[in-house]
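J.: If it helps, the file is called run.pdb and holds PDB, C-alpha atoms, pLDDT in the B column:
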```
MODEL        1
ATOM      1  CA  MET A  24     182.792 138.710  93.792  1.00 40.00           C
ATOM      2  CA  LEU A  25     179.838 139.422  91.525  1.00 42.00           C
ATOM      3  CA  ASN A  26     177.737 142.494  92.207  1.00 48.00           C
ATOM      4  CA  TYR A  27     174.076 141.426  91.944  1.00 42.00           C
ATOM      5  CA  PRO A  28     171.119 143.817  91.765  1.00 46.00           C
ATOM      6  CA  LYS A  29     169.133 143.684  94.992  1.00 49.00           C
ATOM      7  CA  PHE A  30     165.508 142.605  95.199  1.00 45.00           C
ATOM      8  CA  ASP A  31     163.368 142.724  98.317  1.00 49.00           C
ATOM      9  CA  PHE A  32     160.315 140.546  97.797  1.00 46.00           C
ATOM     10  CA  LYS A  33     160.532 138.792 101.162  1.00 51.00           C
ATOM     11  CA  GLU A  34     157.750 140.669 102.942  1.00 53.00           C
ATOM     12  CA  LYS A  35     155.307 140.432 100.046  1.00 57.00           C
ATOM     13  CA  LEU A  36     156.167 136.775  99.476  1.00 56.00           C
ATOM     14  CA  SER A  37     155.565 135.814 103.080  1.00 78.00           C
ATOM     15  CA  GLN A  38     152.410 137.887 103.571  1.00 85.00           C
ATOM     16  CA  GLU A  39     150.614 136.575 100.492  1.00 87.00           C
ATOM     17  CA  GLN A  40     151.423 133.021 101.488  1.00 89.00           C
ATOM     18  CA  VAL A  41     150.304 133.525 105.094  1.00 89.00           C
ATOM     19  CA  ASP A  42     147.056 135.147 103.938  1.00 91.00           C
ATOM     20  CA  PHE A  43     146.411 132.254 101.559  1.00 92.00           C
ATOM     21  CA  LEU A  44     147.037 129.588 104.203  1.00 93.00           C
ATOM     22  CA  ILE A  45     144.769 131.348 106.681  1.00 93.00           C
ATOM     23  CA  THR A  46     141.922 131.694 104.184  1.00 95.00           C
ATOM     24  CA  HIS A  47     142.358 128.125 102.832  1.00 95.00           C
ATOM     25  CA  PRO A  48     142.631 125.881 105.924  1.00 93.00           C
ATOM     26  CA  LEU A  49     142.591 122.655 103.861  1.00 95.00           C
ATOM     27  CA  ILE A  50     145.871 123.618 102.178  1.00 96.00           C
ATOM     28  CA  SER A  51     148.939 122.290 104.012  1.00 97.00           C
ATOM     29  CA  LEU A  52     151.651 123.840 101.843  1.00 96.00           C
ATOM     30  CA  ILE A  53     151.739 126.877  99.568  1.00 95.00           C
ATOM     31  CA  ASP A  54     154.299 127.773  96.934  1.00 92.00           C
ATOM     32  CA  VAL A  55     154.608 130.751  94.595  1.00 90.00           C
ATOM     33  CA  LEU A  56     155.528 131.078  90.958  1.00 84.00           C
ATOM     34  CA  MET A  57     159.316 131.079  90.636  1.00 82.00           C
ATOM     35  CA  GLU A  58     160.969 133.221  88.017  1.00 82.00           C
ATOM     36  CA  TYR A  59     164.500 132.420  86.876  1.00 81.00           C
ATOM     37  CA  ILE A  60     166.674 135.492  86.375  1.00 80.00           C
ATOM     38  CA  ASP A  61     170.223 135.938  85.118  1.00 85.00           C
ATOM     39  CA  VAL A  62     173.105 137.710  86.867  1.00 84.00           C
ATOM     40  CA  ASP A  63     171.768 141.093  85.694  1.00 84.00           C
ATOM     41  CA  GLY A  64     168.258 140.469  87.017  1.00 80.00           C
ATOM     42  CA  THR A  65     166.760 139.871  83.545  1.00 82.00           C
ATOM     43  CA  SER A  66     163.890 137.390  83.470  1.00 79.00           C
ATOM     44  CA  LEU A  67     164.798 134.117  81.762  1.00 80.00           C
ATOM     45  CA  ARG A  68     161.659 132.011  82.286  1.00 77.00           C
ATOM     46  CA  LYS A  69     159.083 131.002  84.857  1.00 73.00           C
ATOM     47  CA  TYR A  70     159.255 127.595  86.594  1.00 71.00           C
ATOM     48  CA  ASN A  71     156.177 125.377  86.091  1.00 67.00           C
ATOM     49  CA  ARG A  72     153.973 128.322  85.285  1.00 71.00           C
ATOM     50  CA  LYS A  73     150.816 126.321  84.517  1.00 81.00           C
ATOM     51  CA  ILE A  74     150.447 124.153  87.620  1.00 88.00           C
ATOM     52  CA  PHE A  75     148.738 125.896  90.560  1.00 90.00           C
ATOM     53  CA  ASP A  76     145.661 124.247  92.008  1.00 92.00           C
ATOM     54  CA  PRO A  77     145.932 121.264  94.361  1.00 96.00           C
ATOM     55  CA  LEU A  78     144.428 118.753  91.913  1.00 96.00           C
ATOM     56  CA  LYS A  79     146.856 119.685  89.127  1.00 95.00           C
ATOM     57  CA  ILE A  80     149.781 119.558  91.547  1.00 96.00           C
ATOM     58  CA  LYS A  81     148.715 116.112  92.784  1.00 97.00           C
ATOM     59  CA  LYS A  82     148.300 114.926  89.198  1.00 96.00           C
ATOM     60  CA  SER A  83     151.739 116.174  88.116  1.00 95.00           C
ATOM     61  CA  LEU A  84     153.752 115.084  91.194  1.00 95.00           C
ATOM     62  CA  PRO A  85     154.253 111.443  90.135  1.00 96.00           C
ATOM     63  CA  ASP A  86     155.885 112.700  86.928  1.00 94.00           C
ATOM     64  CA  GLN A  87     157.689 115.867  87.996  1.00 91.00           C
ATOM     65  CA  ASN A  88     158.236 118.335  90.804  1.00 90.00           C
ATOM     66  CA  PRO A  89     156.103 121.424  90.078  1.00 90.00           C
ATOM     67  CA  LEU A  90     157.059 123.153  93.345  1.00 91.00           C
ATOM     68  CA  GLY A  91     160.115 125.115  94.335  1.00 83.00           C
ATOM     69  CA  HIS A  92     161.936 124.413  97.546  1.00 81.00           C
ATOM     70  CA  SER A  93     163.039 127.838  98.652  1.00 82.00           C
ATOM     71  CA  SER A  94     159.631 129.420  98.058  1.00 85.00           C
ATOM     72  CA  ILE A  95     157.295 127.123  99.998  1.00 89.00           C
ATOM     73  CA  MET A  96     155.476 127.814 103.215  1.00 92.00           C
ATOM     74  CA  ILE A  97     154.009 124.969 105.256  1.00 94.00           C
ATOM     75  CA  TRP A  98     152.167 124.749 108.556  1.00 94.00           C
ATOM     76  CA  ALA A  99     154.721 124.026 111.320  1.00 92.00           C
ATOM     77  CA  ASN A 100     152.512 121.391 112.993  1.00 94.00           C
ATOM     78  CA  ILE A 101     152.421 119.424 109.728  1.00 95.00           C
ATOM     79  CA  LEU A 102     156.121 119.750 108.932  1.00 93.00           C
ATOM     80  CA  GLN A 103     157.069 118.600 112.440  1.00 94.00           C
ATOM     81  CA  ARG A 104     155.520 115.197 111.656  1.00 95.00           C
ATOM     82  CA  TYR A 105     157.894 114.654 108.733  1.00 92.00           C
ATOM     83  CA  LYS A 106     161.632 114.422 108.498  1.00 83.00           C
ATOM     84  CA  TYR A 107     163.703 114.873 105.380  1.00 77.00           C
ATOM     85  CA  ASN A 108     164.828 111.618 103.835  1.00 77.00           C
ATOM     86  CA  GLU A 109     168.314 111.877 102.435  1.00 76.00           C
ATOM     87  CA  THR A 110     167.961 111.792  98.662  1.00 73.00           C
ATOM     88  CA  ASN A 111     169.065 114.128  95.917  1.00 75.00           C
ATOM     89  CA  PHE A 112     165.597 115.669  95.967  1.00 84.00           C
ATOM     90  CA  GLU A 113     164.587 115.827  99.635  1.00 88.00           C
ATOM     91  CA  ASP A 114     161.936 118.400  98.851  1.00 91.00           C
ATOM     92  CA  TYR A 115     160.354 116.284  96.109  1.00 93.00           C
ATOM     93  CA  ASP A 116     160.312 113.268  98.415  1.00 93.00           C
ATOM     94  CA  LEU A 117     158.541 115.358 101.060  1.00 94.00           C
ATOM     95  CA  TRP A 118     155.924 116.612  98.568  1.00 95.00           C
ATOM     96  CA  LEU A 119     155.236 112.993  97.510  1.00 96.00           C
ATOM     97  CA  ARG A 120     154.837 111.862 101.139  1.00 95.00           C
ATOM     98  CA  LEU A 121     152.594 114.796 102.006  1.00 97.00           C
ATOM     99  CA  THR A 122     150.376 114.075  99.011  1.00 97.00           C
ATOM    100  CA  ALA A 123     150.264 110.331  99.758  1.00 96.00           C
ATOM    101  CA  ASP A 124     149.123 111.196 103.294  1.00 95.00           C
ATOM    102  CA  GLY A 125     146.234 113.300 101.952  1.00 96.00           C
ATOM    103  CA  HIS A 126     147.673 116.807 102.296  1.00 97.00           C
ATOM    104  CA  HIS A 127     146.773 119.428  99.710  1.00 97.00           C
ATOM    105  CA  LEU A 128     149.545 121.488  98.117  1.00 97.00           C
ATOM    106  CA  ALA A 129     148.918 124.688  96.169  1.00 96.00           C
ATOM    107  CA  LYS A 130     150.814 127.439  94.409  1.00 93.00           C
ATOM    108  CA  LEU A 131     150.065 131.139  93.976  1.00 91.00           C
ATOM    109  CA  ASN A 132     150.120 132.466  90.424  1.00 87.00           C
ATOM    110  CA  SER A 133     152.366 135.345  91.440  1.00 81.00           C
ATOM    111  CA  PRO A 134     156.054 135.498  90.428  1.00 75.00           C
ATOM    112  CA  LEU A 135     157.146 136.447  93.927  1.00 76.00           C
ATOM    113  CA  HIS A 136     160.288 134.324  94.023  1.00 73.00           C
ATOM    114  CA  LEU A 137     163.239 135.300  91.877  1.00 71.00           C
ATOM    115  CA  TYR A 138     165.814 132.553  91.431  1.00 75.00           C
ATOM    116  CA  ARG A 139     169.147 133.692  90.062  1.00 77.00           C
ATOM    117  CA  ILE A 140     170.921 131.355  87.635  1.00 80.00           C
ATOM    118  CA  HIS A 141     174.566 131.777  86.714  1.00 66.00           C
ATOM    119  CA  GLU A 142     177.228 129.516  85.251  1.00 70.00           C
ATOM    120  CA  SER A 143     178.476 128.252  88.616  1.00 63.00           C
ATOM    121  CA  SER A 144     175.022 127.623  90.143  1.00 58.00           C
ATOM    122  CA  ILE A 145     173.801 124.016  90.247  1.00 55.00           C
ATOM    123  CA  THR A 146     170.731 124.934  88.186  1.00 57.00           C
ATOM    124  CA  GLY A 147     172.925 126.604  85.572  1.00 52.00           C
ATOM    125  CA  LYS A 148     175.393 123.740  85.101  1.00 50.00           C
ATOM    126  CA  ALA A 149     174.823 121.653  81.981  1.00 50.00           C
ATOM    127  CA  SER A 150     176.251 118.554  83.694  1.00 48.00           C
ATOM    128  CA  GLU A 151     173.601 118.833  86.431  1.00 54.00           C
ATOM    129  CA  LYS A 152     170.778 119.142  83.900  1.00 58.00           C
ATOM    130  CA  LYS A 153     171.795 115.847  82.276  1.00 60.00           C
ATOM    131  CA  LEU A 154     171.492 113.988  85.584  1.00 67.00           C
ATOM    132  CA  HIS A 155     168.311 115.762  86.724  1.00 71.00           C
ATOM    133  CA  PHE A 156     165.846 113.061  85.667  1.00 72.00           C
ATOM    134  CA  LEU A 157     168.027 110.269  86.991  1.00 79.00           C
ATOM    135  CA  LYS A 158     168.277 111.973  90.392  1.00 82.00           C
ATOM    136  CA  GLN A 159     164.548 112.666  90.380  1.00 86.00           C
ATOM    137  CA  SER A 160     163.904 108.993  89.596  1.00 88.00           C
ATOM    138  CA  LYS A 161     166.120 107.997  92.497  1.00 89.00           C
ATOM    139  CA  ALA A 162     163.994 110.186  94.776  1.00 90.00           C
ATOM    140  CA  LYS A 163     160.874 108.411  93.452  1.00 93.00           C
ATOM    141  CA  PHE A 164     162.529 105.049  94.131  1.00 92.00           C
ATOM    142  CA  MET A 165     163.430 106.034  97.707  1.00 91.00           C
ATOM    143  CA  TYR A 166     159.891 107.316  98.270  1.00 93.00           C
ATOM    144  CA  LEU A 167     158.359 104.078  96.940  1.00 94.00           C
ATOM    145  CA  LYS A 168     160.752 101.961  98.997  1.00 92.00           C
ATOM    146  CA  ASN A 169     159.541 103.732 102.134  1.00 89.00           C
ATOM    147  CA  GLU A 170     155.867 103.515 101.141  1.00 90.00           C
ATOM    148  CA  ILE A 171     155.885  99.852 100.133  1.00 88.00           C
ATOM    149  CA  ILE A 172     158.489  98.203 102.361  1.00 85.00           C
ATOM    150  CA  LYS A 173     158.160 100.239 105.548  1.00 84.00           C
ATOM    151  CA  LYS A 174     154.527 101.319 105.467  1.00 85.00           C
ATOM    152  CA  HIS A 175     153.088  98.445 103.394  1.00 89.00           C
ATOM    153  CA  ARG A 176     151.027 101.012 101.570  1.00 87.00           C
ATOM    154  CA  TRP A 177     150.100 100.886  97.918  1.00 88.00           C
ATOM    155  CA  SER A 178     147.756 103.298  96.187  1.00 93.00           C
ATOM    156  CA  TRP A 179     146.835 104.569  92.769  1.00 95.00           C
ATOM    157  CA  PHE A 180     149.080 107.581  93.442  1.00 96.00           C
ATOM    158  CA  ASN A 181     152.026 105.261  94.211  1.00 95.00           C
ATOM    159  CA  THR A 182     151.298 103.252  91.054  1.00 96.00           C
ATOM    160  CA  LYS A 183     151.672 106.448  89.017  1.00 97.00           C
ATOM    161  CA  VAL A 184     154.912 107.348  90.833  1.00 96.00           C
ATOM    162  CA  CYS A 185     156.236 103.870  90.017  1.00 96.00           C
ATOM    163  CA  PHE A 186     155.223 104.163  86.352  1.00 96.00           C
ATOM    164  CA  PHE A 187     156.994 107.506  85.892  1.00 95.00           C
ATOM    165  CA  MET A 188     160.057 106.303  87.793  1.00 94.00           C
ATOM    166  CA  LEU A 189     160.393 103.296  85.479  1.00 94.00           C
ATOM    167  CA  ARG A 190     159.816 105.509  82.435  1.00 93.00           C
ATOM    168  CA  ASP A 191     162.557 107.902  83.555  1.00 90.00           C
ATOM    169  CA  TYR A 192     165.050 105.081  84.129  1.00 89.00           C
ATOM    170  CA  PHE A 193     164.181 103.550  80.758  1.00 90.00           C
ATOM    171  CA  LEU A 194     164.619 106.867  78.926  1.00 87.00           C
ATOM    172  CA  TYR A 195     167.891 107.582  80.691  1.00 84.00           C
ATOM    173  CA  PHE A 196     169.407 104.202  79.799  1.00 85.00           C
ATOM    174  CA  TYR A 197     167.934 104.271  76.295  1.00 87.00           C
ATOM    175  CA  LYS A 198     169.636 107.629  75.620  1.00 82.00           C
ATOM    176  CA  ARG A 199     172.927 106.280  76.982  1.00 82.00           C
ATOM    177  CA  LEU A 200     172.757 103.205  74.748  1.00 86.00           C
ATOM    178  CA  LYS A 201     171.829 105.324  71.752  1.00 82.00           C
ATOM    179  CA  ASN A 202     174.880 107.571  72.204  1.00 74.00           C
TER     180      ASN A 202
ENDMDL
END
```
Would you mind writing the file's structure down as structure tokens?
T.:
Amino acid sequence: MLNYPKFDFKEKLSQEQVDFLITHPLISLIDVLMEYIDVDGTSLRKYNRKIFDPLKIKKSLPDQNPLGHSSIMIWANILQRYKYNETNFEDYDLWLRLTADGHHLAKLNSPLHLYRIHESSITGKASEKKLHFLKQSKAKFMYLKNEIIKKHRWSWFNTKVCFFMLRDYFLYFYKRLKN
């Protein structure tokens, strides 16, 4: 068993998020800046370090997932109205549905969440990285299927999700044909 350095950011993480949600009642979900660290606790990089305000998050969501999963805080009364759809990216699907329903998502510019990456973690596996965009595109497809077929709802936001989904599939298959 590996002996990891211990970090205790939990109280600070939760309190800053609670304070933000209380002072910004129009925000439904808050995330924090996630910092990837190695097995020794050394900083590797920050995850989506330039996307914080609700408008930038909404603009980037059709293309990519700028939010972490393990570092979000959401109002319970909002989350209770949604269930996770089984995809490879349940969190991403939820962020898309929240945004489509008019909820505002934000992120604090504080690296309060440390995410350890090692060779056996899913994030650290090279094979997982290769399939990342394909899995993310599948989540977009499942989201769009629900929006269009079940809810009969089309919007400019959904058009952008569709565009980026098709782009991702095209790039994935183009790279496979090229190799």
J.: Name the closest residue to Lys183 of chain A among the candidates A:Leu128, A:Leu84, A:Leu117, A:Ile60; distances are taken between atoms, counting all atoms listed in the file.
T.: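 The closest residue to Lys183 of chain A is A:Leu84.
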J.: Measure the distance from atom CA of Phe112 of chain A to atom CA of Tyr195 of chain A in Å and round it to one decimal.
T.: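 Result for atom CA of Phe112 of chain A versus atom CA of Tyr195 of chain A: 17.4 Å, one decimal.
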J.: Would you give the centre and edge lengths, in Å to one decimal, of a box along x, y and z around the listed atoms of segment 87-102 of chain A, with 4 Å added to each side, as AutoDock Vina command-line options?
T.:
```
--center_x 157.6 --center_y 122.6 --center_z 100.5 --size_x 18.9 --size_y 21.6 --size_z 33.0
```
J.: Run the PyMOL selection byres ((chain A and resi 116) around 8) on the file and write out the hits as a list in words.
T.: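 Applied to this file, the PyMOL selection byres ((chain A and resi 116) around 8) returns Tyr107, Asn108, Thr110, Phe112, Glu113, Asp114, Tyr115, Leu117, Trp118, Leu119, Arg120, Ala162, Lys163, Met165 and Tyr166 of chain A.
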J.: So which residues touch segment 61-74 of chain A within 6 Å, counting all atoms listed in the file, skipping near sequence neighbours fewer than 3 positions away, as an MDAnalysis selection string?
T.: chainID A and resid 57:58 79 89 139:140
J.: Go through A:Leu44, A:Leu78, A:Leu137, A:Leu121 and flag the residue nearest Met96 of chain A, using all atoms listed in the file for the distances.
T.: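 Ranked by minimum distance to Met96 of chain A, first place goes to A:Leu44.
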J.: Can you pull out the residues contacting segment 174-182 of chain A? Cut-off 8 Å, using all atoms listed in the file, and skip same-chain residues under 5 positions away; I want them as a list of chain:residue names.
T.: A:Pro85, A:Ala123, A:Leu167, A:Asn169
J.: Distance atom CA of Phe186 of chain A-atom CA of Lys106 of chain A, one decimal place?
T.: 25.2 Å
J.: Atom CA of Gly91 of chain A to atom CA of Arg190 of chain A: how many Å, to one decimal?
T.: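 Computing the Euclidean distance for atom CA of Gly91 of chain A and atom CA of Arg190 of chain A yields 22.9 Å.
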J.: Identify the residues around (144.1, 133.2, 98.6) within a radius of 12 Å, measuring from all atoms listed in the file in the coordinates stated by the file, and give them as a VMD selection string.
T.: chain A and resid 38 to 50 53 to 55 75 to 76 129 to 133
J.: Here is a test: counting only C-alpha atoms, which residue of A:Lys81, A:His136, A:Lys201, A:Lys161 is nearest to Ile95 of chain A?
T.: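 The shortest atom-to-atom distance to Ile95 of chain A comes from A:His136.
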